[in-house]
Amino acid sequence: MSAAGFDNREAVDVVVIGTGAGGAPLIAELAQAGRSVVALEAGPSFEPKRFTPDEPTASEIYWLHERLSGGETPQAFGGNNSGTGVGGSLLHYGAFMPRMDPRDFTLHSETGKGVDWPFGADELMPWIARVEAEIGVSGPTPYPWGVPRTYAYAPPTRNAPAQIMARGCETLGITCKDAPAAVITAERDQPEFGVRHACVNCGACHQGCRNDAKSGVHNTYLPVARAHGADIRPGCMATGIVLDGRGRVEAVIYVEGGVEKRQACRALVLAAGAVETARLLLHTGLANSSDQVGRNYMTHVSTQVWGTFDEETRPNHGYPSALITEDMMRPADADFVGGYLMQSLGMMPATWGSLVARARGLWGPGLTRYLRHYNHVAGLGINGECLPRPENRVTLSAERDAMGLPKPRIDHSYGPNEIAMHNHATRVMTRIWEAAGARDIWAADRAAHMIGTCRMGTDASTSVVDPHGRSHDIDNLWICDHSIFPSAAAANPALTIMALSLRTAQAIQQS
Ligand SMILES: Cc1cc2nc3c(=O)[nH]c(=O)nc-3n(C[C@H](O)[C@H](O)[C@H](O)COP(=O)(O)OP(=O)(O)OC[C@H]3O[C@@H](n4cnc5c(N)ncnc54)[C@H](O)[C@@H]3O)c2cc1C
Ligand code: SF4
């Protein structure tokens with residue numbers, strides 16, 4: 001029997017693997033509906049009050065299991081791309097919370113490139129609005145782009161990079177606004193959690209928010225889930241899936257404290273993130289009659305431009321991504337399809353230092369000389385559509401990890417669309433920084449987020465799950481995380497993932 005009460009030998013209604021953006025809303029929803037739910041989470045359960053801005057210490061919230069990175073645009077993993085622990089990557093995400101642009105649901109219809117989602121924006125918007133209300137999101141009202149909306153909290157105070165971006169955009173006639181952010185700016189009392197405090201502009205969002213101003217799932221959906229009897233088990237790494245004689249899931253194998261255990265279940269939801277969900281299906285050989293598991297791995301084009309200013313910027317201060325422009329979602333002079341969002345950027349010193357070393361190729365005395373400018377730098381960054389390509393994929397390497405499982409290999413190469421978008425964004429951001437008075441401007445070519453690998457669709461020969469996240473092959477297996485996105489879209493993904501999670505929970509209840 002586990003601490004929260006379910007016996008491993010008795011089948012629970014649902015086992016969920018992973019407690020991040022994909023897993024948590026669904027866990028809460030099913031528990032509230034009276035289902036018996038066990039959630040297996042590979043990482044530990046953290047006490048947010050112990051989070052520290054100290055970057056090396058904060059690496060405890062990063063997923064640091066080794067991943068092999070290949071392709072022509074190999075992606076950096078670790079802290080750049082995934083987190084771990086009860087709450088998943090939202091423990092250290094940036095909380096930048098734009099809605100998906102309705103046009104991104106139908107990119108293929110619009111341009112002949114990429115793929116359409118199996119449903120449109122109208123289907124998802126009510127779920128999106130519900131997530132915003134349930135977790136607490138700040139932003140400007142009215143919001144100048146997309147569907148009219150109201151944000152419950154006023155935006156956090158603009159830090160120096162945001163003020164500088166506003167200056168540069170105004171000069172060039174580009175509209176910019178305070179960004180939607182999953183950050184509360186007034187105290188919030190939640191029955192199942194207690195008081196969450198208002199943002200104090202400390203700037204340490206990526207190191208974990210100590211006062212719970214940053215909305216994740218550890219301080220929203222998971223307390224609700226626990227209050228309704230969900231059994232959330234940290235330190236439990238799922239390693240296998242057992243099928244019964246009819247080919248349906250009957251149990252999950254996991255390792256806790258070095259001991260292999262088995263949890264029987266009537267349904268299984270995979271929410272381990274786009275790399276680990278695909279890895280689990282690939283090494284168990286399940287749900288892959290389409291040969292689509294692992295394929296169409298996508299990122300976001302996440303180019304950054306930095307510059308040095310006469311004024312003091314102190315880029316570690318304040319909510320890091322305080323300003324947004326959506327003017328580049330379909331720029332008139334685009335030589336690519338899709339679009340990108342832009343944000344202002346502050347950054348912690350060690351993170352910035354390693355970006356400088358990589359992007360500027362600086363090392364030794366040259367690097368330390370440049371790093372002295374830290375208190376006068378500011379950045380801009382984008383999040384742009386990345387088209388699906390079957391050869392960009394997660395596969396299993398011949399190397400094995402400490403548990404004897406094959407390590408994942410991720411091949412990722414930009415195509416012409418991503419390269420054109422990177423070049424366009426570099427030009428636009430450079431112009432904004434020049435207009436704002438920057439000198440010594442440089443660009444960092446980078447890709448962020450882990451998207452795709454188990455895409456949803458109506459055709460079982462070209463997708464892994466149906467439009468509600470249910471496996472085409474195994475009817476009591478569901479997937480509910482970033483892996484099911486058929487296209488990357490430009491918006492930062494957490495809001496859409498959580499909305500899909502609530503929607504899949506409803507489908508499970510109706511199944
Ligand atoms: C540094 C950083 C900044 C980001 N900033 C933003 C932002 O500003 N806005 C935004 O919208 N998005 C942002 N993101 C992206 C966002 O956080 C992710 O897209 C989202 O959290 C992914 O949700 P998920 O459910 O797919 O995976 P995750 O949230 O990563 O959850 C997966 C969970 O599964 C666990 N797990 C994995 N394998 C197993 C296993 N075998 N057994 C048991 N448990 C397992 C992991 O430990 C993890 O807790 C950021 C991400 C990072 C890393
Ligand atoms: S800037 Fe605000 S949201 Fe971010 S860690 Fe600090 S208090 Fe939390």
# chains A, B, ... in the order shown; residues from 1 in each chain; ligands from 1

call {"tool": "residues_near_ligand", "arguments": {"ligand": "ligand 2", "cutoff": "7 Å", "atoms": "only C-alpha atoms and all ligand atoms", "output": "list in words"}}
result
Val183, Ala198, Cys199, Val200, Asn201, Cys202, Gly203, Ala204, Cys205, Gly208, Cys209, Arg210, Asn211, Asp212, Ala213, Lys214, Gly318 and Tyr319 of chain A

call {"tool": "write_last_selection", "arguments": {"atoms": "C-alpha atoms", "output": "PDB file, in the first residue's frame"}}
result
ATOM      1  CA  VAL A 183       2.341  35.085 -12.663  1.00  0.00           C
ATOM      2  CA  ALA A 198       2.148  38.276  -5.353  1.00  0.00           C
ATOM      3  CA  CYS A 199       5.203  38.443  -7.599  1.00  0.00           C
ATOM      4  CA  VAL A 200       8.102  40.335  -6.002  1.00  0.00           C
ATOM      5  CA  ASN A 201      10.025  40.750  -9.281  1.00  0.00           C
ATOM      6  CA  CYS A 202      12.997  38.735  -8.080  1.00  0.00           C
ATOM      7  CA  GLY A 203      13.696  37.405 -11.583  1.00  0.00           C
ATOM      8  CA  ALA A 204      14.326  33.805 -10.509  1.00  0.00           C
ATOM      9  CA  CYS A 205      11.396  32.171 -12.322  1.00  0.00           C
ATOM     10  CA  GLY A 208      11.691  27.932  -9.184  1.00  0.00           C
ATOM     11  CA  CYS A 209       9.429  30.529  -7.592  1.00  0.00           C
ATOM     12  CA  ARG A 210       9.762  30.586  -3.811  1.00  0.00           C
ATOM     13  CA  ASN A 211       6.572  32.458  -3.053  1.00  0.00           C
ATOM     14  CA  ASP A 212       4.307  30.634  -5.496  1.00  0.00           C
ATOM     15  CA  ALA A 213       3.558  33.739  -7.540  1.00  0.00           C
ATOM     16  CA  LYS A 214       4.404  31.711 -10.625  1.00  0.00           C
ATOM     17  CA  GLY A 318      12.226  41.511 -12.559  1.00  0.00           C
ATOM     18  CA  TYR A 319       9.968  39.049 -14.317  1.00  0.00           C
TER      19      TYR A 319
END

call {"tool": "residues_near_ligand", "arguments": {"ligand": "ligand 1", "cutoff": "7 Å", "atoms": "only C-alpha atoms and all ligand atoms", "output": "PyMOL selection string"}}
result
chain A and resi 17-23+40-43+63+79-90+92-97+206+236-239+271-274+276-277+280+449-450+481-483+492-495+497

call {"tool": "atom_distance", "arguments": {"atom1": "atom CA of A:Pro156", "atom2": "atom CA of A:Thr185"}}
result
6.2 Å

call {"tool": "residues_around", "arguments": {"residues": "A:Tyr374", "least_positions_apart": "2", "cutoff": "8 Å", "atoms": "only C-alpha atoms", "output": "PyMOL selection string"}}
result
chain A and resi 314-315+349+370-372+376-377

call {"tool": "residues_around", "arguments": {"residues": "stretch 292-305 of chain A", "least_positions_apart": "4", "cutoff": "6 Å", "atoms": "only C-alpha atoms", "output": "compact mmCIF listing (two decimals) with C-alpha atoms, in the first residue's frame"}}
result
# COMPACT_ATOMS: atom_id res chain seq x y z
CA ALA A 278 8.10 8.38 -27.15
CA ASN A 288 3.24 2.20 -33.04
CA GLY A 379 17.82 40.67 -24.82
CA LEU A 380 14.99 39.94 -27.20
CA GLY A 381 13.85 36.44 -28.09
CA ILE A 382 11.33 34.72 -30.29
CA ASN A 383 9.22 31.61 -30.34
CA GLY A 384 8.50 30.56 -33.91
CA GLU A 385 6.71 27.82 -35.77
CA CYS A 386 8.88 24.82 -36.68
CA PRO A 388 7.08 18.84 -38.78
CA ARG A 389 9.54 16.60 -40.62
CA PRO A 390 9.43 12.81 -40.19
CA ASN A 392 13.39 14.79 -37.09
CA ARG A 393 12.74 12.12 -34.52
CA VAL A 394 13.37 10.39 -31.23
CA TRP A 442 24.79 39.78 -31.47
CA ALA A 443 22.40 36.90 -32.19
CA ALA A 444 22.14 33.45 -30.66
CA ASP A 445 20.79 30.69 -32.88
CA ARG A 446 18.82 28.41 -30.58
CA ALA A 447 15.85 26.06 -30.51
CA ALA A 448 13.67 25.44 -27.47
CA HIS A 449 10.88 23.16 -26.31
CA MET A 450 10.27 19.51 -27.18
CA ILE A 451 7.19 19.01 -29.36
CA GLY A 452 5.56 16.23 -31.36
CA THR A 453 6.62 12.52 -31.48
CA CYS A 454 3.12 11.03 -30.89

call {"tool": "residues_around", "arguments": {"residues": "stretch 500-507 of chain A", "least_positions_apart": "4", "cutoff": "7 Å", "atoms": "only C-alpha atoms", "output": "tab-separated table (two decimals) with C-alpha atoms, in the first residue's frame"}}
result
chain	number	residue	atom	x	y	z
A	22	GLY	CA	0.06	17.42	-19.51
A	23	GLY	CA	-0.50	15.11	-16.57
A	25	PRO	CA	-4.84	18.94	-14.94
A	26	LEU	CA	-6.09	15.51	-16.00
A	29	GLU	CA	-10.06	16.34	-13.13
A	30	LEU	CA	-10.32	12.56	-12.87
A	468	HIS	CA	-8.75	13.29	-27.88
A	469	GLY	CA	-5.39	11.67	-27.14
A	480	CYS	CA	-1.64	13.76	-22.83
A	496	THR	CA	-2.35	24.66	-24.78
A	511	SER	CA	-15.28	6.63	-22.78

call {"tool": "residues_around", "arguments": {"residues": "A:Arg431", "least_positions_apart": "4", "cutoff": "10 Å", "atoms": "only C-alpha atoms", "output": "number ranges by chain"}}
result
A: 168-169, 172, 425-427, 435-438, 441

call {"tool": "write_last_selection", "arguments": {"atoms": "C-alpha atoms", "output": "mmCIF file, in the first residue's frame"}}
result
data_model
loop_
_atom_site.group_PDB
_atom_site.id
_atom_site.type_symbol
_atom_site.label_atom_id
_atom_site.label_comp_id
_atom_site.auth_asym_id
_atom_site.auth_seq_id
_atom_site.Cartn_x
_atom_site.Cartn_y
_atom_site.Cartn_z
ATOM 1 C CA GLY A 168 12.722 50.381 -29.678
ATOM 2 C CA CYS A 169 9.330 49.109 -30.863
ATOM 3 C CA LEU A 172 9.753 51.478 -35.410
ATOM 4 C CA ALA A 425 13.781 37.486 -36.708
ATOM 5 C CA THR A 426 17.464 38.300 -36.372
ATOM 6 C CA ARG A 427 17.005 41.260 -38.724
ATOM 7 C CA ALA A 435 16.457 51.840 -32.531
ATOM 8 C CA ALA A 436 16.645 51.487 -28.739
ATOM 9 C CA GLY A 437 20.298 52.566 -28.696
ATOM 10 C CA ALA A 438 22.141 49.263 -28.321
ATOM 11 C CA ILE A 441 24.549 43.526 -30.934
#

call {"tool": "atom_distance", "arguments": {"atom1": "atom CA of A:Arg262", "atom2": "atom CA of A:Ala24"}}
result
21.4 Å

call {"tool": "closest_atom_pairs", "arguments": {"of": "stretch 50-114 of chain A", "to": "stretch 325-329 of chain A", "cutoff": "12 Å", "atoms": "only C-alpha atoms", "output": "tab-separated table"}}
result
residue	atom	partner	partner_atom	distance
A:Pro98	CA	A:Glu326	CA	9.4
A:Arg99	CA	A:Glu326	CA	10.7
A:Met100	CA	A:Met329	CA	10.6
A:Asp101	CA	A:Met329	CA	8.1
A:Pro102	CA	A:Met329	CA	10.7
A:Arg103	CA	A:Met329	CA	9.1
A:Asp104	CA	A:Met329	CA	9.3
A:Leu107	CA	A:Met329	CA	11.8

call {"tool": "closest_residue", "arguments": {"among": "A:Trp433, A:Tyr153, A:Phe105, A:Trp478", "to": "A:Leu270", "atoms": "only C-alpha atoms"}}
result
A:Trp478

call {"tool": "atom_distance", "arguments": {"atom1": "atom CA of A:Asp475", "atom2": "atom CA of A:Val252"}}
result
15.6 Å

call {"tool": "closest_residue", "arguments": {"among": "A:Arg9, A:Arg35, A:Arg248, A:His373", "to": "A:Thr313", "atoms": "only C-alpha atoms"}}
result
A:His373

call {"tool": "closest_residue", "arguments": {"among": "A:Thr73, A:Thr171, A:Ser290, A:Ser321", "to": "A:Arg158", "atoms": "only C-alpha atoms"}}
result
A:Ser321

call {"tool": "closest_residue", "arguments": {"among": "A:Thr175, A:Thr106, A:Ser36, A:Thr308", "to": "A:Gln343", "atoms": "only C-alpha atoms"}}
result
A:Thr175
